[in-house]
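Q: Before I ask anything, let me first share the structure, which is written out below as structure tokens.
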Amino acid sequence: MRNAIILFAHGSRDPLWRAPMEAVAARIAAHHPDRGVACAYLELCPPTLAEATDQLIAQGAASVTVVPMVLASGKH
């Protein structure tokens, strides 16, 4: 894997909130098996952006593109 993508979202304590982000990540991974894909969250759930980046680099990513995924309404 040379290139990777991180889908970066706000985060939530509700574990079901992550499902749409993870579904998008799974779809990208299925269509681009040569590209690393991970989700990362600003707060309230792991992994952080730094943790996701470190994981992809450890897996061999030379380039990481961060895609903001601010798609849900907040409750605060």
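Identifiers for the structure tokens are assigned positionally: chains receive A, B, ... in sequence, residues are indexed from 1 per chain, and ligands are indexed from 1 in the order shown.
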Can you list, as a short mmCIF file (atom, residue, chain, number, x, y, z; two decimals) with C-alpha atoms, in the first residue's frame, every protein, DNA or RNA residue that comes within 12 Å of range 48-60 of chain A when you count only C-alpha atoms, leaving out same-chain residues fewer than 4 positions away?

A:
data_model
loop_
_atom_site.label_atom_id
_atom_site.label_comp_id
_atom_site.auth_asym_id
_atom_site.auth_seq_id
_atom_site.Cartn_x
_atom_site.Cartn_y
_atom_site.Cartn_z
CA MET A 1 0.00 0.00 0.00
CA ARG A 2 1.44 3.32 -1.04
CA ASN A 3 -1.53 5.66 -0.58
CA ALA A 4 -4.07 5.72 2.23
CA ILE A 5 -7.19 7.61 3.21
CA ILE A 6 -8.42 8.61 6.65
CA LEU A 7 -12.08 9.50 7.03
CA PHE A 8 -12.02 12.07 9.85
CA ALA A 9 -15.25 12.64 11.75
CA HIS A 10 -16.28 14.33 14.99
CA GLY A 11 -16.96 11.26 17.11
CA ASP A 34 -4.54 -1.38 -2.93
CA ARG A 35 -5.33 1.67 -0.77
CA GLY A 36 -5.32 1.74 3.02
CA VAL A 37 -8.49 3.12 4.58
CA ALA A 38 -9.16 4.06 8.19
CA CYS A 39 -11.60 6.09 10.23
CA ALA A 40 -10.44 8.60 12.85
CA TYR A 41 -12.34 10.78 15.29
CA LEU A 42 -11.80 14.23 16.77
CA GLU A 43 -13.13 13.25 20.18
CA LEU A 44 -15.23 10.84 22.22
CA VAL A 64 -2.14 9.74 3.71
CA THR A 65 -5.09 11.87 2.58
CA VAL A 66 -7.43 13.08 5.33
CA VAL A 67 -11.06 13.50 4.24
CA PRO A 68 -13.31 15.50 6.60
#

Q: Check chain A with DSSP on the backbone and list each residue it calls strand (DSSP E), as an MDAnalysis selection string.

A: chainID A and resid 3:9 36:41 63:68

Q: Can you tell me how far CA of Ser12 in chain A sits from CA of Cys45 in chain A, in Å to one decimal?

A: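 CA of Ser12 in chain A sits 6.2 Å away from CA of Cys45 in chain A.
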
Q: Go ahead and compute the interatomic distance for CA of His31 in chain A and CA of Ala61 in chain A, in Å to one decimal.

A: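 Taking CA of His31 in chain A and CA of Ala61 in chain A, their separation equals 17.5 Å.
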